[in-house]
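S.K.: Pasting target_0.txt below, which is compact mmCIF, C-alpha atoms.
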# COMPACT_ATOMS: atom_id res chain seq x y z
CA MET A 1 -100.67 -217.42 -33.35
CA THR A 2 -101.78 -220.38 -31.24
CA ARG A 3 -100.79 -221.15 -27.67
CA ASP A 4 -98.79 -224.14 -28.91
CA THR A 5 -96.82 -221.87 -31.25
CA LEU A 6 -96.17 -219.41 -28.45
CA GLU A 7 -95.05 -222.15 -26.05
CA HIS A 8 -92.87 -223.81 -28.69
CA ASN A 9 -91.02 -220.51 -29.22
CA GLN A 10 -90.58 -219.67 -25.55
CA ALA A 11 -86.81 -219.86 -25.50
CA PRO A 12 -86.31 -217.37 -28.39
CA VAL A 13 -88.84 -215.04 -26.73
CA TYR A 14 -86.94 -215.16 -23.45
CA PHE A 15 -83.56 -214.56 -25.02
CA ALA A 16 -84.98 -211.67 -27.06
CA ALA A 17 -86.32 -210.19 -23.82
CA VAL A 18 -82.89 -210.54 -22.18
CA PHE A 19 -81.14 -208.94 -25.17
CA LEU A 20 -83.58 -206.01 -25.35
CA ALA A 21 -83.43 -205.52 -21.59
CA ALA A 22 -79.63 -205.48 -21.57
CA ALA A 23 -79.57 -202.99 -24.46
CA PHE A 24 -82.17 -200.77 -22.80
CA GLY A 25 -80.40 -200.93 -19.44
CA LEU A 26 -77.03 -200.02 -20.89
CA LEU A 27 -78.27 -197.34 -23.32
CA ALA A 28 -80.79 -195.68 -21.00
CA PRO A 29 -79.64 -196.54 -17.47
CA SER A 30 -81.66 -193.84 -15.70
CA SER A 31 -84.94 -194.94 -17.25
CA ALA A 32 -84.10 -198.63 -16.88
CA HIS A 33 -83.32 -198.26 -13.19
CA GLY A 34 -86.92 -197.15 -12.68
CA LEU A 35 -88.03 -200.62 -13.74
CA SER A 36 -86.87 -201.95 -10.36
CA VAL A 37 -90.19 -200.94 -8.75
CA LEU A 38 -91.93 -203.36 -11.12
CA VAL A 39 -89.85 -206.40 -10.17
CA THR A 40 -92.05 -207.65 -7.32
CA PRO A 41 -95.43 -207.03 -9.06
CA ALA A 42 -94.17 -208.60 -12.29
CA ILE A 43 -92.93 -211.71 -10.48
CA ALA A 44 -96.22 -211.96 -8.56
CA VAL A 45 -98.16 -211.87 -11.86
CA LEU A 46 -95.82 -214.47 -13.33
CA MET A 47 -96.26 -216.76 -10.36
CA TYR A 48 -100.06 -216.46 -10.51
CA ALA A 49 -99.99 -217.28 -14.23
CA MET A 50 -97.66 -220.23 -13.64
CA PHE A 51 -99.61 -221.54 -10.66
CA LEU A 52 -102.80 -221.54 -12.73
CA GLN A 53 -101.11 -224.11 -14.96
CA ILE A 54 -100.15 -226.36 -12.05
CA PRO A 55 -102.72 -229.07 -11.24
CA PHE A 56 -102.89 -228.35 -7.50
CA LEU A 57 -106.29 -230.00 -7.23
CA ASP A 58 -104.87 -233.13 -8.87
CA LEU A 59 -101.58 -233.04 -6.98
CA ARG A 60 -102.07 -236.55 -5.62
CA GLN A 61 -101.72 -237.92 -9.16
CA GLY A 62 -98.42 -236.11 -9.60
CA LEU A 63 -97.18 -237.59 -6.34
CA GLY A 64 -97.98 -241.12 -7.50
CA ASN A 65 -94.62 -241.60 -9.20
CA LYS A 66 -92.62 -242.21 -6.04
CA ARG A 67 -89.35 -243.07 -7.82
CA PHE A 68 -89.43 -239.78 -9.73
CA LEU A 69 -90.29 -237.78 -6.62
CA SER A 70 -87.59 -239.52 -4.58
CA ALA A 71 -84.95 -238.83 -7.23
CA LEU A 72 -86.11 -235.22 -7.53
CA LEU A 73 -85.86 -234.63 -3.78
CA LEU A 74 -82.53 -236.43 -3.50
CA ALA A 75 -81.01 -234.38 -6.32
CA ASN A 76 -82.33 -230.98 -5.23
CA PHE A 77 -82.14 -231.17 -1.46
CA ILE A 78 -79.21 -233.47 -0.70
CA LEU A 79 -76.84 -233.77 -3.66
CA VAL A 80 -77.10 -230.20 -4.97
CA PRO A 81 -76.73 -228.58 -1.50
CA LEU A 82 -73.59 -230.66 -0.93
CA LEU A 83 -72.28 -229.49 -4.30
CA VAL A 84 -73.16 -225.87 -3.50
CA TRP A 85 -71.45 -226.08 -0.12
CA ALA A 86 -68.27 -227.38 -1.75
CA LEU A 87 -68.31 -224.80 -4.56
CA THR A 88 -68.90 -221.79 -2.31
CA ARG A 89 -66.15 -222.39 0.26
CA GLY A 90 -63.95 -219.94 -1.62
CA LEU A 91 -66.52 -217.17 -1.03
CA VAL A 92 -66.50 -217.37 2.79
CA GLU A 93 -64.50 -214.14 3.07
CA ARG A 94 -66.95 -212.37 0.73
CA PRO A 95 -70.30 -212.50 2.58
CA ALA A 96 -72.32 -210.57 -0.02
CA LEU A 97 -71.27 -212.90 -2.82
CA LEU A 98 -71.67 -215.93 -0.57
CA VAL A 99 -75.23 -215.16 0.47
CA GLY A 100 -76.22 -214.23 -3.09
CA ALA A 101 -74.78 -217.47 -4.47
CA LEU A 102 -76.36 -219.57 -1.73
CA LEU A 103 -79.77 -217.98 -2.18
CA VAL A 104 -79.91 -218.75 -5.86
CA LEU A 105 -78.08 -222.08 -6.00
CA LEU A 106 -79.96 -223.73 -3.11
CA THR A 107 -83.44 -223.10 -4.57
CA PRO A 108 -84.67 -225.31 -7.44
CA CYS A 109 -86.66 -223.53 -10.14
CA ILE A 110 -90.44 -223.84 -10.08
CA ASP A 111 -91.34 -221.95 -13.25
CA TYR A 112 -89.35 -221.95 -16.49
CA VAL A 113 -87.77 -225.33 -15.64
CA VAL A 114 -91.01 -226.77 -17.04
CA VAL A 115 -90.35 -224.96 -20.30
CA PHE A 116 -86.79 -226.19 -20.71
CA THR A 117 -87.74 -229.71 -19.61
CA HIS A 118 -90.28 -229.78 -22.43
CA ILE A 119 -87.81 -228.44 -24.99
CA GLY A 120 -85.20 -230.92 -23.74
CA LYS A 121 -87.52 -233.92 -24.29
CA GLY A 122 -88.17 -234.52 -20.61
CA ASP A 123 -91.47 -235.23 -18.86
CA SER A 124 -92.69 -231.65 -18.45
CA ARG A 125 -96.13 -232.66 -17.16
CA LEU A 126 -94.61 -234.65 -14.32
CA MET A 127 -92.23 -231.76 -13.65
CA LEU A 128 -95.18 -229.38 -13.52
CA ALA A 129 -97.08 -231.59 -11.08
CA ALA A 130 -94.03 -231.77 -8.80
CA THR A 131 -93.40 -228.02 -8.60
CA PRO A 132 -95.59 -227.47 -5.50
CA VAL A 133 -93.53 -230.09 -3.69
CA LEU A 134 -90.28 -228.38 -4.72
CA LEU A 135 -91.72 -225.07 -3.60
CA LEU A 136 -92.84 -226.24 -0.18
CA VAL A 137 -89.64 -228.17 0.58
CA GLN A 138 -87.39 -225.26 -0.38
CA LEU A 139 -89.46 -222.93 1.80
CA VAL A 140 -88.71 -225.17 4.76
CA LEU A 141 -85.08 -226.03 4.01
CA LEU A 142 -83.67 -222.76 2.66
CA PRO A 143 -83.36 -221.11 6.11
CA VAL A 144 -81.79 -224.31 7.46
CA TYR A 145 -79.20 -224.52 4.69
CA LEU A 146 -78.41 -220.81 4.93
CA GLY A 147 -77.89 -221.11 8.66
CA LEU A 148 -75.54 -224.07 8.22
CA MET A 149 -73.53 -222.68 5.30
CA LEU A 150 -73.29 -219.08 6.46
CA GLY A 151 -72.34 -220.09 9.99
CA ALA A 152 -71.80 -217.15 12.32
CA GLN A 153 -72.63 -214.73 9.50
CA SER A 154 -76.20 -216.03 9.23
CA GLU A 155 -77.41 -214.00 12.21
CA VAL A 156 -76.15 -210.81 10.63
CA VAL A 157 -76.98 -211.46 7.00
CA VAL A 158 -80.26 -213.33 7.09
CA ALA A 159 -83.28 -211.68 8.69
CA ALA A 160 -86.45 -213.75 8.84
CA GLY A 161 -88.95 -210.90 8.35
CA PRO A 162 -88.12 -209.90 4.75
CA PHE A 163 -87.91 -213.54 3.70
CA VAL A 164 -91.35 -214.31 5.10
CA GLU A 165 -92.82 -211.18 3.53
CA ALA A 166 -91.34 -211.92 0.11
CA PHE A 167 -92.49 -215.53 0.16
CA LEU A 168 -95.99 -214.46 1.21
CA LEU A 169 -96.29 -211.82 -1.51
CA LEU A 170 -94.59 -213.72 -4.32
CA ILE A 171 -95.56 -217.30 -3.65
CA VAL A 172 -98.23 -217.91 -1.02
CA VAL A 173 -100.69 -215.22 -2.17
CA PRO A 174 -100.43 -216.02 -5.92
CA MET A 175 -100.65 -219.74 -5.11
CA LEU A 176 -103.80 -219.35 -3.01
CA LEU A 177 -105.40 -217.13 -5.65
CA ALA A 178 -104.55 -219.71 -8.32
CA VAL A 179 -106.02 -222.57 -6.27
CA ILE A 180 -109.21 -220.57 -5.65
CA THR A 181 -109.45 -219.63 -9.33
CA THR A 182 -108.99 -223.23 -10.45
CA SER A 183 -111.57 -224.45 -7.98
CA LEU A 184 -114.15 -221.84 -9.04
CA ALA A 185 -113.46 -222.46 -12.74
CA ARG A 186 -114.99 -225.91 -12.39
CA ARG A 187 -118.32 -224.33 -11.43
CA SER A 188 -118.37 -221.01 -13.29
CA SER A 189 -118.08 -220.47 -17.04
CA LEU A 190 -116.95 -216.87 -16.43
CA ILE A 191 -114.09 -217.94 -14.15
CA SER A 192 -113.28 -220.73 -16.60
CA ALA A 193 -112.94 -218.14 -19.39
CA TRP A 194 -110.70 -216.06 -17.11
CA ASN A 195 -108.60 -219.15 -16.43
CA ASN A 196 -108.30 -219.95 -20.14
CA ALA A 197 -107.24 -216.38 -20.93
CA TRP A 198 -104.45 -216.56 -18.34
CA ALA A 199 -103.21 -219.75 -19.96
CA TRP A 200 -101.74 -217.49 -22.68
CA LEU A 201 -99.82 -215.36 -20.21
CA PRO A 202 -96.99 -217.44 -18.66
CA VAL A 203 -94.68 -216.82 -21.63
CA PRO A 204 -95.34 -213.05 -21.92
CA ALA A 205 -95.21 -212.75 -18.12
CA MET A 206 -91.84 -214.52 -18.00
CA ALA A 207 -90.53 -212.28 -20.77
CA LEU A 208 -91.77 -209.23 -18.85
CA VAL A 209 -90.02 -210.39 -15.66
CA LEU A 210 -86.78 -211.01 -17.52
CA PHE A 211 -87.00 -207.59 -19.16
CA VAL A 212 -87.74 -205.81 -15.88
CA VAL A 213 -85.11 -207.68 -13.86
CA ILE A 214 -82.29 -207.61 -16.41
CA GLY A 215 -83.08 -204.08 -17.56
CA SER A 216 -83.04 -202.65 -14.04
CA GLN A 217 -79.96 -204.59 -12.87
CA ILE A 218 -77.63 -204.90 -15.89
CA THR A 219 -75.80 -201.67 -15.09
CA SER A 220 -75.05 -203.03 -11.61
CA VAL A 221 -73.61 -206.20 -13.15
CA VAL A 222 -71.38 -204.17 -15.47
CA ARG A 223 -70.41 -201.74 -12.69
CA ASP A 224 -69.56 -204.51 -10.20
CA ILE A 225 -68.07 -207.00 -12.63
CA LYS A 226 -64.65 -206.88 -10.93
CA LEU A 227 -66.25 -207.57 -7.55
CA LEU A 228 -68.29 -210.40 -9.10
CA LEU A 229 -65.32 -212.20 -10.65
CA PRO A 230 -64.88 -214.67 -7.73
CA VAL A 231 -68.45 -215.98 -8.12
CA ILE A 232 -68.27 -216.58 -11.88
CA PRO A 233 -66.21 -219.82 -11.58
CA VAL A 234 -68.75 -221.03 -8.97
CA TYR A 235 -71.62 -220.54 -11.41
CA VAL A 236 -69.76 -222.13 -14.30
CA ALA A 237 -68.80 -225.12 -12.14
CA PHE A 238 -72.41 -225.48 -11.03
CA LEU A 239 -73.52 -225.32 -14.65
CA LEU A 240 -71.21 -228.23 -15.47
CA LEU A 241 -71.68 -230.36 -12.35
CA ALA A 242 -75.34 -229.92 -11.35
CA PRO A 243 -76.64 -232.06 -14.26
CA LEU A 244 -74.45 -234.89 -12.95
CA MET A 245 -76.29 -234.69 -9.61
CA GLY A 246 -79.59 -235.12 -11.42
CA MET A 247 -78.26 -237.94 -13.58
CA PHE A 248 -76.86 -239.76 -10.55
CA ALA A 249 -80.17 -239.54 -8.68
CA ALA A 250 -82.07 -240.70 -11.77
CA ARG A 251 -79.72 -243.68 -12.20
CA LEU A 252 -80.04 -244.55 -8.53
CA PHE A 253 -83.82 -244.85 -8.89
CA ALA A 254 -83.62 -246.46 -12.36
CA LEU A 255 -85.76 -243.80 -14.03
CA PRO A 256 -86.63 -244.01 -17.73
CA ALA A 257 -85.18 -241.40 -20.09
CA VAL A 258 -87.95 -238.77 -20.16
CA THR A 259 -88.36 -238.85 -16.37
CA ALA A 260 -84.61 -238.81 -15.77
CA ARG A 261 -84.28 -235.74 -18.01
CA ALA A 262 -86.86 -233.94 -15.88
CA VAL A 263 -84.81 -234.64 -12.75
CA THR A 264 -81.64 -233.50 -14.52
CA PHE A 265 -83.18 -230.22 -15.67
CA SER A 266 -84.57 -229.59 -12.18
CA ALA A 267 -81.22 -230.17 -10.51
CA SER A 268 -79.58 -227.74 -12.95
CA THR A 269 -82.14 -224.91 -13.05
CA ARG A 270 -82.40 -222.44 -10.18
CA ASN A 271 -85.09 -220.17 -8.75
CA SER A 272 -83.31 -216.87 -9.47
CA LEU A 273 -86.35 -214.74 -10.33
CA VAL A 274 -88.12 -215.65 -7.10
CA VAL A 275 -85.13 -215.21 -4.77
CA LEU A 276 -84.10 -211.85 -6.22
CA PRO A 277 -86.54 -209.94 -3.98
CA LEU A 278 -85.11 -211.87 -1.04
CA ALA A 279 -81.64 -210.64 -1.97
CA LEU A 280 -83.01 -207.11 -2.25
CA ALA A 281 -84.44 -207.47 1.26
CA LEU A 282 -81.04 -208.18 2.83
CA PRO A 283 -79.21 -205.65 5.03
CA GLU A 284 -77.87 -202.66 3.14
CA ASP A 285 -74.20 -203.61 3.41
CA VAL A 286 -74.68 -206.81 1.40
CA ARG A 287 -77.92 -206.13 -0.51
CA GLY A 288 -76.58 -204.61 -3.72
CA LEU A 289 -73.80 -207.08 -4.45
CA ALA A 290 -75.89 -210.10 -3.37
CA ALA A 291 -78.71 -209.08 -5.72
CA THR A 292 -76.23 -208.54 -8.54
CA ALA A 293 -74.78 -212.00 -7.89
CA VAL A 294 -78.28 -213.46 -8.28
CA ILE A 295 -78.77 -211.61 -11.58
CA LEU A 296 -75.41 -212.82 -12.84
CA GLN A 297 -76.42 -216.42 -12.14
CA THR A 298 -79.56 -215.88 -14.25
CA LEU A 299 -77.47 -214.72 -17.20
CA VAL A 300 -75.07 -217.66 -16.88
CA GLU A 301 -77.93 -220.12 -16.50
CA LEU A 302 -79.84 -218.89 -19.56
CA VAL A 303 -76.76 -219.51 -21.68
CA GLY A 304 -76.40 -222.91 -20.04
CA GLU A 305 -79.99 -223.85 -20.85
CA LEU A 306 -79.20 -223.52 -24.56
CA ILE A 307 -76.51 -226.14 -24.04
CA TYR A 308 -78.71 -228.32 -21.81
CA VAL A 309 -81.55 -228.63 -24.32
CA ARG A 310 -79.06 -230.11 -26.78
CA LEU A 311 -76.90 -232.26 -24.53
CA ILE A 312 -79.31 -233.63 -21.92
CA PRO A 313 -81.54 -235.46 -24.46
CA ALA A 314 -78.40 -237.02 -25.94
CA LEU A 315 -76.85 -238.04 -22.63
CA VAL A 316 -79.94 -239.00 -20.59
CA TRP A 317 -80.16 -241.73 -21.62
CA ARG A 318 -78.15 -242.25 -24.79
CA THR A 319 -79.05 -245.95 -24.90
CA GLY A 320 -82.76 -245.15 -25.15
CA ARG A 321 -83.78 -246.50 -21.73
As a first step, turn the structure in this file into structure tokens.
M.R.:
Amino acid sequence: MTRDTLEHNQAPVYFAAVFLAAAFGLLAPSSAHGLSVLVTPAIAVLMYAMFLQIPFLDLRQGLGNKRFLSALLLANFILVPLLVWALTRGLVERPALLVGALLVLLTPCIDYVVVFTHIGKGDSRLMLAATPVLLLVQLVLLPVYLGLMLGAQSEVVVAAGPFVEAFLLLIVVPMLLAVITTSLARRSSLISAWNNAWAWLPVPAMALVLFVVIGSQITSVVRDIKLLLPVIPVYVAFLLLAPLMGMFAARLFALPAVTARAVTFSASTRNSLVVLPLALALPEDVRGLAATAVILQTLVELVGELIYVRLIPALVWRTGR
């Protein structure tokens, strides 16, 4: 098997991982629950593997397409937050569901969005180059948006310490290690070989994360499904409306089809695997249900991506712009 073959079959690998994890979690819940201790290490490994594929040292080139970057930022940090605010007003009396939904819906994906952009005939290389920008901006704006949308509840629900710790362990440390590795690889054949070996790992690492996360949490989803019912329409509505935010931003900046598709996929795909540890770091009275709400969004989104990879290439842009 070649890397191209592995990357081309990423989606089936991910869905197989989800199916096996769900089966394992439901059939052997005690054993599966033990997988929860592997969530943070598995995500850290995934992020290191993904960051090694991001051209941090050539980031200036990725920032050269100002229309793409402007549309991407408009869609993800103005239009989508407005949509999320509107969709979550019905959850105000359910703080655990509200904070879980806000955590996941306000953060654009920085990992497997590249995969689905590629499958959906978008500009995956440009998407990959822009992921550090998405990461840095969401780090800055997420606390701001949470404070605004949670209102008086934000002081109780959102503690800064766990958020900072999770971002350091899951994002900053893997990112710095990846940058150092990439820099050294240009001068050392041994480090270059290490780098090349890790180029095979993003897909298996993503599958491992999905297996660990879904396997350890699926029983909570099933157990709390009645409590989760109010958030399901929010996720379905986001699934339907978020692509329109991306399409609108792409139209506004007159982007060509492949670039517009990248913006559309980014606006529609969320950072659930990275924010899950943040949900697990919340106060005890909201932690469990908030984390389960994040997991539920992952399941809804993965189904939605199957639809996106078919519809987005046809709709953005159908005229072949």
S.K.: Using all atoms listed in the file, which protein or nucleic acid residues come within 8 Å of stretch 6-20 of chain A? Drop anything in the same chain fewer than 6 positions from it, and give the result as an mmCIF file with C-alpha atoms, in the coordinates of the input.
M.R.:
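Wrote part_6.cif, looks like this:
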data_model
loop_
_atom_site.group_PDB
_atom_site.id
_atom_site.type_symbol
_atom_site.label_atom_id
_atom_site.label_comp_id
_atom_site.auth_asym_id
_atom_site.auth_seq_id
_atom_site.Cartn_x
_atom_site.Cartn_y
_atom_site.Cartn_z
ATOM 1 C CA VAL A 115 -90.350 -224.960 -20.300
ATOM 2 C CA PHE A 116 -86.790 -226.190 -20.710
ATOM 3 C CA ILE A 119 -87.810 -228.440 -24.990
ATOM 4 C CA VAL A 203 -94.680 -216.820 -21.630
ATOM 5 C CA MET A 206 -91.840 -214.520 -18.000
ATOM 6 C CA ALA A 207 -90.530 -212.280 -20.770
ATOM 7 C CA LEU A 208 -91.770 -209.230 -18.850
ATOM 8 C CA LEU A 210 -86.780 -211.010 -17.520
ATOM 9 C CA PHE A 211 -87.000 -207.590 -19.160
ATOM 10 C CA ILE A 214 -82.290 -207.610 -16.410
ATOM 11 C CA GLY A 215 -83.080 -204.080 -17.560
ATOM 12 C CA LEU A 302 -79.840 -218.890 -19.560
#
S.K.: For A:Leu103, list every protein, DNA or RNA residue within 10 Å, evaluated using all atoms listed in the file, and leave out those in the same chain fewer than 3 positions away; present the list as a list in words.
M.R.: Leu97, Leu98, Val99, Gly100, Leu106, Thr107, Leu142, Pro143, Tyr145, Leu146, Arg270, Asn271, Ser272, Val274, Val275, Leu276, Leu278, Ala279, Ala290, Ala291, Ala293 and Val294 of chain A
S.K.: State, in Å with one decimal place, the distance from atom CA of A:Ala21 to atom CA of A:Leu229.
M.R.: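 Taking atom CA of A:Ala21 as the start and atom CA of A:Leu229 as the end point, the length is 22.2 Å.
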S.K.: How far is it from atom CA of A:Glu93 to atom CA of A:Phe77, in Å with one decimal?
M.R.: 24.9 Å
S.K.: How far is it from atom CA of A:Thr298 to atom CA of A:Val137, in Å with one decimal?
M.R.: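 So the answer is 21.7 Å.
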S.K.: Would you mind telling me which residue in A:Leu190, A:Val212, A:Val222, A:Ala257 lies nearest to A:Ser31 when using all atoms listed in the file?
M.R.: A:Val212
